[in-house]
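Asker: Data: data_2.cif, mmCIF, C-alpha atoms.
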data_work
loop_
_atom_site.label_atom_id
_atom_site.label_comp_id
_atom_site.auth_asym_id
_atom_site.auth_seq_id
_atom_site.Cartn_x
_atom_site.Cartn_y
_atom_site.Cartn_z
CA MET A 1 -123.20 -147.71 -28.32
CA ALA A 2 -124.69 -146.88 -31.72
CA GLU A 3 -122.28 -145.48 -34.26
CA SER A 4 -124.54 -142.43 -34.66
CA VAL A 5 -123.80 -141.07 -31.20
CA ARG A 6 -120.05 -141.36 -31.16
CA ALA A 7 -117.99 -138.20 -30.75
CA MET A 8 -117.52 -135.87 -33.71
CA GLN A 9 -114.15 -136.34 -35.41
CA GLN A 10 -112.08 -133.27 -36.23
CA LYS A 11 -109.50 -132.64 -38.92
CA SER A 12 -106.79 -130.05 -39.48
CA TRP A 13 -107.67 -127.05 -41.66
CA GLY A 14 -104.86 -126.77 -44.17
CA THR A 15 -101.64 -125.72 -42.46
CA THR A 16 -103.38 -123.34 -40.04
CA GLY A 17 -103.28 -125.67 -37.05
CA ARG A 18 -107.02 -125.12 -36.56
CA LEU A 19 -109.39 -128.06 -36.21
CA VAL A 20 -112.78 -128.34 -37.89
CA SER A 21 -115.52 -130.93 -37.58
CA VAL A 22 -115.34 -133.63 -40.24
CA ILE A 23 -119.06 -132.98 -40.82
CA GLY A 24 -119.85 -129.29 -41.17
CA GLN A 25 -122.94 -127.31 -42.10
CA GLY A 26 -123.77 -125.95 -45.54
CA THR A 27 -126.24 -123.11 -46.06
CA TRP A 28 -127.06 -123.04 -49.80
CA TYR A 29 -130.86 -122.45 -50.05
CA ILE A 30 -131.15 -122.46 -46.25
CA ASP A 31 -132.84 -119.05 -46.47
CA GLN A 32 -135.65 -120.37 -48.70
CA GLY A 33 -137.79 -121.54 -45.77
CA ASN A 34 -138.43 -120.17 -42.31
CA HIS A 35 -135.32 -118.30 -41.12
CA ALA A 36 -135.88 -119.08 -37.45
CA THR A 37 -136.17 -122.81 -38.19
CA ALA A 38 -133.03 -122.68 -40.32
CA ALA A 39 -131.09 -120.83 -37.63
CA ALA A 40 -132.28 -123.35 -35.04
CA ALA A 41 -130.97 -126.17 -37.25
CA LEU A 42 -127.55 -124.53 -37.39
CA ARG A 43 -127.53 -124.06 -33.62
CA LYS A 44 -128.48 -127.71 -33.14
CA GLY A 45 -125.55 -128.60 -35.36
CA LEU A 46 -123.24 -126.54 -33.17
CA ASP A 47 -124.60 -128.32 -30.10
CA LEU A 48 -123.64 -131.62 -31.76
CA GLY A 49 -120.08 -130.54 -32.60
CA MET A 50 -120.52 -129.38 -36.21
CA ASN A 51 -118.51 -126.20 -35.72
CA HIS A 52 -117.78 -125.58 -39.43
CA ILE A 53 -120.48 -123.35 -40.98
CA ASP A 54 -120.11 -122.50 -44.67
CA THR A 55 -121.96 -119.76 -46.53
CA ALA A 56 -121.42 -117.27 -49.37
CA GLU A 57 -122.46 -113.83 -50.54
CA MET A 58 -124.15 -115.57 -53.50
CA TYR A 59 -126.56 -117.44 -51.20
CA ASP A 60 -129.01 -114.52 -50.93
CA ASP A 61 -129.99 -114.16 -47.25
CA ALA A 62 -128.07 -117.19 -45.95
CA GLU A 63 -125.51 -114.94 -44.28
CA LEU A 64 -128.35 -113.29 -42.33
CA VAL A 65 -129.55 -116.71 -41.14
CA VAL A 66 -125.99 -117.52 -40.10
CA ALA A 67 -125.82 -114.25 -38.16
CA GLU A 68 -128.93 -115.26 -36.22
CA ALA A 69 -127.57 -118.75 -35.58
CA ILE A 70 -124.17 -117.69 -34.24
CA THR A 71 -125.34 -114.82 -32.03
CA GLY A 72 -123.63 -115.28 -28.68
CA ARG A 73 -121.73 -118.31 -29.98
CA ARG A 74 -119.22 -116.82 -32.42
CA ASP A 75 -116.16 -118.29 -30.69
CA GLU A 76 -117.58 -121.82 -31.13
CA VAL A 77 -117.82 -121.46 -34.89
CA PHE A 78 -115.37 -122.00 -37.73
CA LEU A 79 -117.00 -119.53 -40.13
CA VAL A 80 -116.45 -119.61 -43.90
CA SER A 81 -117.89 -117.42 -46.65
CA LYS A 82 -117.08 -116.74 -50.30
CA VAL A 83 -116.56 -113.86 -52.70
CA LEU A 84 -118.19 -113.99 -56.13
CA PRO A 85 -115.75 -113.98 -59.08
CA SER A 86 -117.45 -110.82 -60.37
CA ASN A 87 -116.36 -109.07 -57.16
CA ALA A 88 -112.88 -110.61 -56.95
CA SER A 89 -110.75 -107.65 -57.99
CA ARG A 90 -108.31 -106.40 -55.37
CA THR A 91 -110.62 -103.69 -54.04
CA GLY A 92 -113.78 -105.67 -54.79
CA THR A 93 -112.67 -108.65 -52.72
CA ILE A 94 -112.00 -106.46 -49.71
CA LYS A 95 -115.36 -104.69 -50.02
CA ALA A 96 -117.21 -107.99 -50.48
CA CYS A 97 -115.56 -109.40 -47.37
CA GLU A 98 -116.53 -106.37 -45.35
CA ARG A 99 -120.14 -106.66 -46.55
CA SER A 100 -120.26 -110.31 -45.52
CA LEU A 101 -118.77 -109.55 -42.12
CA SER A 102 -121.41 -106.88 -41.60
CA ARG A 103 -124.24 -109.20 -42.66
CA MET A 104 -123.02 -111.92 -40.31
CA LYS A 105 -122.42 -109.41 -37.49
CA THR A 106 -118.87 -110.53 -36.84
CA ASP A 107 -115.44 -108.95 -37.03
CA ARG A 108 -113.66 -111.89 -38.69
CA MET A 109 -114.04 -115.00 -40.78
CA ASP A 110 -112.06 -118.14 -40.13
CA CYS A 111 -111.69 -118.69 -43.87
CA TYR A 112 -112.70 -116.76 -46.98
CA LEU A 113 -112.93 -118.39 -50.40
CA LEU A 114 -112.95 -117.33 -54.05
CA HIS A 115 -116.21 -119.01 -55.12
CA TRP A 116 -114.93 -120.03 -58.55
CA ARG A 117 -112.41 -118.72 -60.99
CA GLY A 118 -113.46 -115.62 -62.92
CA SER A 119 -111.98 -112.95 -65.16
CA TYR A 120 -109.92 -111.05 -62.59
CA PRO A 121 -106.24 -112.04 -62.37
CA LEU A 122 -105.59 -114.48 -59.55
CA GLU A 123 -102.70 -112.26 -58.48
CA ASP A 124 -105.16 -109.46 -57.64
CA THR A 125 -107.48 -111.72 -55.65
CA VAL A 126 -104.59 -113.31 -53.77
CA SER A 127 -103.23 -109.85 -52.93
CA ALA A 128 -106.61 -108.85 -51.49
CA LEU A 129 -106.94 -112.07 -49.51
CA GLU A 130 -103.49 -111.61 -48.03
CA GLN A 131 -104.37 -108.02 -47.10
CA LEU A 132 -107.58 -109.17 -45.39
CA LYS A 133 -105.56 -111.75 -43.49
CA LYS A 134 -102.99 -109.16 -42.47
CA ASP A 135 -105.79 -106.90 -41.24
CA GLY A 136 -107.31 -109.71 -39.16
CA LYS A 137 -110.59 -109.73 -41.06
CA ILE A 138 -109.96 -113.30 -42.20
CA LEU A 139 -107.77 -115.89 -40.49
CA SER A 140 -107.15 -117.99 -43.61
CA TRP A 141 -108.24 -118.16 -47.24
CA GLY A 142 -108.89 -120.65 -49.99
CA VAL A 143 -110.76 -121.35 -53.20
CA SER A 144 -113.76 -123.27 -54.50
CA ASN A 145 -114.35 -125.21 -57.72
CA PHE A 146 -110.65 -125.26 -58.63
CA ASP A 147 -109.24 -128.16 -60.64
CA ALA A 148 -105.71 -129.43 -59.98
CA ASP A 149 -104.24 -127.21 -62.74
CA ASP A 150 -105.94 -124.15 -61.25
CA MET A 151 -104.66 -125.14 -57.81
CA GLN A 152 -101.12 -125.33 -59.09
CA GLU A 153 -101.45 -121.93 -60.72
CA ILE A 154 -102.69 -120.16 -57.61
CA TYR A 155 -100.17 -122.07 -55.48
CA ASP A 156 -97.36 -120.74 -57.67
CA ILE A 157 -98.70 -117.22 -57.07
CA ALA A 158 -99.41 -117.48 -53.35
CA GLY A 159 -96.64 -119.76 -52.15
CA LYS A 160 -96.47 -122.71 -49.79
CA GLY A 161 -98.92 -122.91 -46.90
CA ARG A 162 -101.15 -120.03 -48.01
CA ILE A 163 -104.10 -121.91 -49.53
CA ALA A 164 -106.08 -123.52 -46.73
CA CYS A 165 -108.98 -125.08 -48.62
CA ASN A 166 -110.48 -126.07 -51.94
CA GLN A 167 -114.25 -126.56 -51.81
CA VAL A 168 -115.53 -128.85 -54.56
CA LEU A 169 -118.53 -130.92 -55.65
CA TYR A 170 -118.30 -134.47 -54.29
CA HIS A 171 -120.94 -137.14 -53.79
CA LEU A 172 -121.34 -140.85 -54.48
CA LYS A 173 -122.42 -140.31 -58.08
CA GLU A 174 -119.79 -137.60 -58.74
CA ARG A 175 -116.30 -138.66 -57.70
CA ALA A 176 -114.25 -136.74 -60.28
CA ILE A 177 -112.12 -135.01 -57.63
CA GLU A 178 -110.60 -138.36 -56.63
CA HIS A 179 -108.54 -138.41 -59.85
CA SER A 180 -106.41 -135.28 -59.45
CA VAL A 181 -107.88 -132.74 -57.03
CA ILE A 182 -107.71 -134.77 -53.81
CA PRO A 183 -104.18 -136.09 -54.56
CA TRP A 184 -102.95 -132.54 -55.30
CA CYS A 185 -104.51 -131.18 -52.11
CA GLU A 186 -103.12 -134.05 -50.03
CA GLN A 187 -99.65 -133.38 -51.39
CA HIS A 188 -99.85 -129.66 -50.60
CA ASP A 189 -101.64 -129.83 -47.20
CA VAL A 190 -104.85 -128.23 -48.49
CA THR A 191 -108.18 -129.25 -46.96
CA VAL A 192 -110.81 -130.51 -49.40
CA THR A 193 -114.35 -129.47 -48.48
CA ALA A 194 -117.00 -131.57 -50.23
CA TYR A 195 -120.18 -129.67 -51.07
CA SER A 196 -123.55 -131.22 -52.02
CA PRO A 197 -122.50 -134.57 -50.51
CA PHE A 198 -125.95 -136.06 -51.09
CA GLY A 199 -126.10 -134.91 -54.70
CA HIS A 200 -128.46 -132.14 -55.75
CA SER A 201 -131.80 -133.81 -54.84
CA ASP A 202 -130.34 -137.02 -56.28
CA PHE A 203 -129.46 -139.25 -53.33
CA PRO A 204 -129.44 -142.93 -54.34
CA SER A 205 -132.91 -144.46 -54.17
CA PRO A 206 -133.30 -147.36 -51.71
CA ARG A 207 -134.62 -149.35 -54.68
CA SER A 208 -131.42 -148.88 -56.68
CA GLU A 209 -128.51 -151.30 -56.51
CA GLY A 210 -126.28 -148.70 -54.88
CA GLY A 211 -129.00 -147.63 -52.49
CA GLN A 212 -129.40 -151.21 -51.36
CA VAL A 213 -125.67 -151.44 -50.62
CA LEU A 214 -125.90 -148.30 -48.48
CA GLN A 215 -128.94 -149.65 -46.67
CA GLN A 216 -127.28 -153.00 -45.94
CA ILE A 217 -124.23 -151.32 -44.43
CA ALA A 218 -126.40 -148.84 -42.53
CA SER A 219 -128.59 -151.58 -41.07
CA ALA A 220 -125.57 -153.59 -39.95
CA ARG A 221 -124.04 -150.54 -38.26
CA GLY A 222 -127.20 -149.10 -36.74
CA VAL A 223 -126.95 -145.88 -38.74
CA THR A 224 -128.66 -144.36 -41.81
CA PRO A 225 -127.70 -144.58 -45.50
CA ARG A 226 -126.91 -140.86 -45.54
CA GLN A 227 -124.56 -141.27 -42.60
CA VAL A 228 -122.82 -144.09 -44.46
CA ALA A 229 -122.45 -141.85 -47.51
CA LEU A 230 -120.92 -139.03 -45.45
CA ALA A 231 -118.48 -141.46 -43.80
CA PHE A 232 -117.41 -142.75 -47.22
CA LEU A 233 -116.85 -139.27 -48.64
CA THR A 234 -114.72 -138.22 -45.65
CA ARG A 235 -112.70 -141.43 -45.46
CA LYS A 236 -109.53 -139.66 -46.62
CA PRO A 237 -107.72 -137.50 -44.03
CA ALA A 238 -107.82 -134.34 -46.17
CA VAL A 239 -111.59 -134.36 -46.78
CA VAL A 240 -114.40 -132.76 -44.75
CA THR A 241 -117.95 -132.14 -45.90
CA ILE A 242 -120.75 -129.61 -45.42
CA PRO A 243 -124.24 -131.12 -45.85
CA LYS A 244 -127.14 -128.72 -45.48
CA ALA A 245 -129.74 -129.31 -42.79
CA SER A 246 -133.07 -127.51 -43.03
CA SER A 247 -134.24 -128.79 -39.65
CA ALA A 248 -132.80 -129.80 -36.28
CA VAL A 249 -133.69 -133.42 -37.06
CA HIS A 250 -131.63 -133.32 -40.26
CA ALA A 251 -128.76 -131.68 -38.40
CA GLU A 252 -128.81 -134.50 -35.87
CA GLU A 253 -128.67 -137.11 -38.62
CA ASN A 254 -125.77 -135.36 -40.34
CA ALA A 255 -123.84 -135.04 -37.10
CA GLY A 256 -124.27 -138.75 -36.49
CA ALA A 257 -121.82 -139.45 -39.31
CA GLY A 258 -119.07 -137.58 -37.50
CA GLY A 259 -118.02 -140.58 -35.45
CA LEU A 260 -118.56 -143.27 -38.07
CA THR A 261 -115.51 -144.99 -39.58
CA LEU A 262 -116.15 -147.55 -42.31
CA SER A 263 -114.20 -150.77 -42.65
CA ALA A 264 -112.07 -151.54 -45.70
CA ASP A 265 -114.68 -154.07 -46.81
CA GLU A 266 -117.51 -151.55 -46.50
CA ILE A 267 -115.51 -148.98 -48.46
CA ALA A 268 -114.86 -151.57 -51.18
CA GLN A 269 -118.58 -152.37 -51.41
CA ILE A 270 -119.48 -148.70 -51.86
CA ASP A 271 -116.63 -148.16 -54.30
CA LYS A 272 -117.96 -151.00 -56.46
CA ALA A 273 -121.56 -149.78 -56.24
CA PHE A 274 -120.63 -146.19 -57.19
CA PRO A 275 -117.62 -146.46 -59.54
CA CYS A 276 -115.37 -143.44 -59.84
CA GLY A 277 -115.39 -143.41 -63.64
CA ARG A 278 -112.96 -141.66 -65.94
CA GLU A 279 -111.51 -138.26 -65.19
CA PRO A 280 -113.59 -135.58 -67.01
CA SER A 281 -112.00 -132.82 -69.07
CA HIS A 282 -113.59 -130.17 -66.84
CA LEU A 283 -114.17 -130.23 -63.11
CA PRO A 284 -117.91 -130.67 -62.38
CA MET A 285 -119.54 -127.94 -60.31
CA LEU A 286 -122.97 -126.66 -59.33
#
Rewrite the structure from the file as structure tokens, please.
Answerer:
Amino acid sequence: MAESVRAMQQKSWGTTGRLVSVIGQGTWYIDQGNHATAAAALRKGLDLGMNHIDTAEMYDDAELVVAEAITGRRDEVFLVSKVLPSNASRTGTIKACERSLSRMKTDRMDCYLLHWRGSYPLEDTVSALEQLKKDGKILSWGVSNFDADDMQEIYDIAGKGRIACNQVLYHLKERAIEHSVIPWCEQHDVTVTAYSPFGHSDFPSPRSEGGQVLQQIASARGVTPRQVALAFLTRKPAVVTIPKASSAVHAEENAGAGGLTLSADEIAQIDKAFPCGREPSHLPML
């Protein structure tokens, strides 16, 4: 059996006891094309076991596309959205969440994230997130674009077991989170969600040295270079990823990585082709 049709792996979401697909579905820019096609791609992803759908209030009409995609299928979906830092006061967070719920035509989110750190005190945002959780409007909460120092700060405010997720930039050419962020999250049972796993329109060219390594592994395994990349990025137990698919065909390719486990030798080859580099002074983000 080809690696690309093996069953979708699932991983624990923080300390919640919930399971999410190792390959999820991102929605940044998904509203830029035909909404019906985009919604169909998300539904195809659900059919293939990619139950984790990630969106945000910042993504223009993406939440409306998500609403169309999950109609009649809400209980199948692990639904995540995000509050903008400019809205992340105590009252603003609650109002933003309610707007997102209305746009997605649902009564709850499975997780709600602070999109990146802003000017409002983290204590106020945490208080709002805990209130939303108490009210049943969200089932868990987390953050996005937080470095290890930021994670420690919000952990000290919120307490053990409260932060379910940290969503961060992670692809073959940008591995900064491997230095401190992933180790911190592993130690504290926080799921790491990798966004833009193919880079931002910068996936390794098949003519490049690294691209050739991906192609060699892909050919030997009967999969695609992008599936190999997704398997590498999710090789650690704490990490899941959310590639975007603008079509059902792309969704099918992404889902094919969900059952692919690389060997130690294959991981070493990719590691050498795409070196981690030094830890930067600031966490990269898009």
Asker: Just want the 8 Å neighbourhood of range 197-204 of chain A, counted on all atoms listed in the file, with same-chain residues fewer than 6 positions away dropped. Output as a list in words.
Answerer: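 Surrounding residues, per the criterion: Leu169, Tyr170, His171, Leu172, Lys173, Glu174, Gly210, Gly211, Arg226, Ala229, Leu230, Leu233, Thr241, Ile242 and Pro243 of chain A.
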Asker: Within 9 Å of (-128.8, -119.8, -39.3) (file coordinates; all atoms listed in the file), which protein or nucleic acid residues are there? I'd like them as a ChimeraX atom specification.
Answerer: /A:27,30-31,35-43,62-70
Asker: Can you measure CA of Gly159 in chain A to CA of Ser86 in chain A for me? One decimal in Å is fine.
Answerer: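 Value for the CA of Gly159 in chain A-CA of Ser86 in chain A distance: 24.1 Å.
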Asker: Could you expand the PyMOL selection byres ((chain A and resi 260-269) around 10) into the explicit residues it covers here, written as a PyMOL selection string?
Answerer: chain A and resi 2-9+210+213-214+216-217+221+223+227-235+255-259+270-274
Asker: What does the distance between CA of Ser247 in chain A and CA of Lys44 in chain A come to in Å, to one decimal place?
Answerer: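 Interatomic distance here is 8.8 Å.
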Asker: Given the file shown, enumerate the residues that the PyMOL selection byres ((chain A and resi 110) around 12) captures and present them as a ChimeraX atom specification.
Answerer: /A:13-14,16-20,51-55,74-82,97,101,106-109,111-113,132-133,136-142,164-165
Asker: Determine the residue membership of the PyMOL selection byres ((chain A and resi 178) around 12) for the file above and supply it as a PyMOL selection string.
Answerer: chain A and resi 147-148+168-172+174-177+179-186+192+194+233-236+238-239+271+275-280+283
Asker: Report, in Å with one decimal, the straight-line distance from CA of Gly33 in chain A to CA of Asp61 in chain A.
Answerer: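 Separation between CA of Gly33 in chain A and CA of Asp61 in chain A: 10.8 Å.
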Asker: Give as a ChimeraX atom specification each residue that has an atom at most 12 Å from (-105.7, -111.7, -61.1) in the file, counting only C-alpha atoms.
Answerer: /A:85-93,114,117-129,153-154,157-158
Asker: Considering only C-alpha atoms, state which residue in the set A:Gln152, A:Glu98, A:Gly24, A:Gln32 is at the smallest distance from Asp135 in chain A.
Answerer: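 Checking each candidate against Asp135 in chain A, we get A:Glu98 as the closest.
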Asker: Quick one: of A:Thr15, A:Thr224, A:Asn145, A:Gln10, who's nearest to Thr191 in chain A, counting only C-alpha atoms?
Answerer: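 Nearest candidate to Thr191 in chain A out of A:Thr15, A:Thr224, A:Asn145, A:Gln10: A:Thr15.
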Asker: Give the answer as one residue: which of A:Val240, A:Ser196, A:Trp116, A:His282 has the shortest atom-to-atom distance to Gly26 in chain A, using only C-alpha atoms?
Answerer: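 Closest candidate: A:Ser196.
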Asker: With all atoms listed in the file as the atoms that count, which of A:Glu253, A:Met285, A:His188, A:Lys244 lies nearest to Trp28 in chain A?
Answerer: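 Among the listed residues, the smallest separation from Trp28 in chain A belongs to A:Lys244.
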Asker: Please determine, counting only C-alpha atoms, which residue among A:Met104, A:Asn34, A:Pro284, A:Val249 has the shortest atom-to-atom distance to Phe146 in chain A.
Answerer: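 Among the listed residues, the smallest separation from Phe146 in chain A belongs to A:Pro284.
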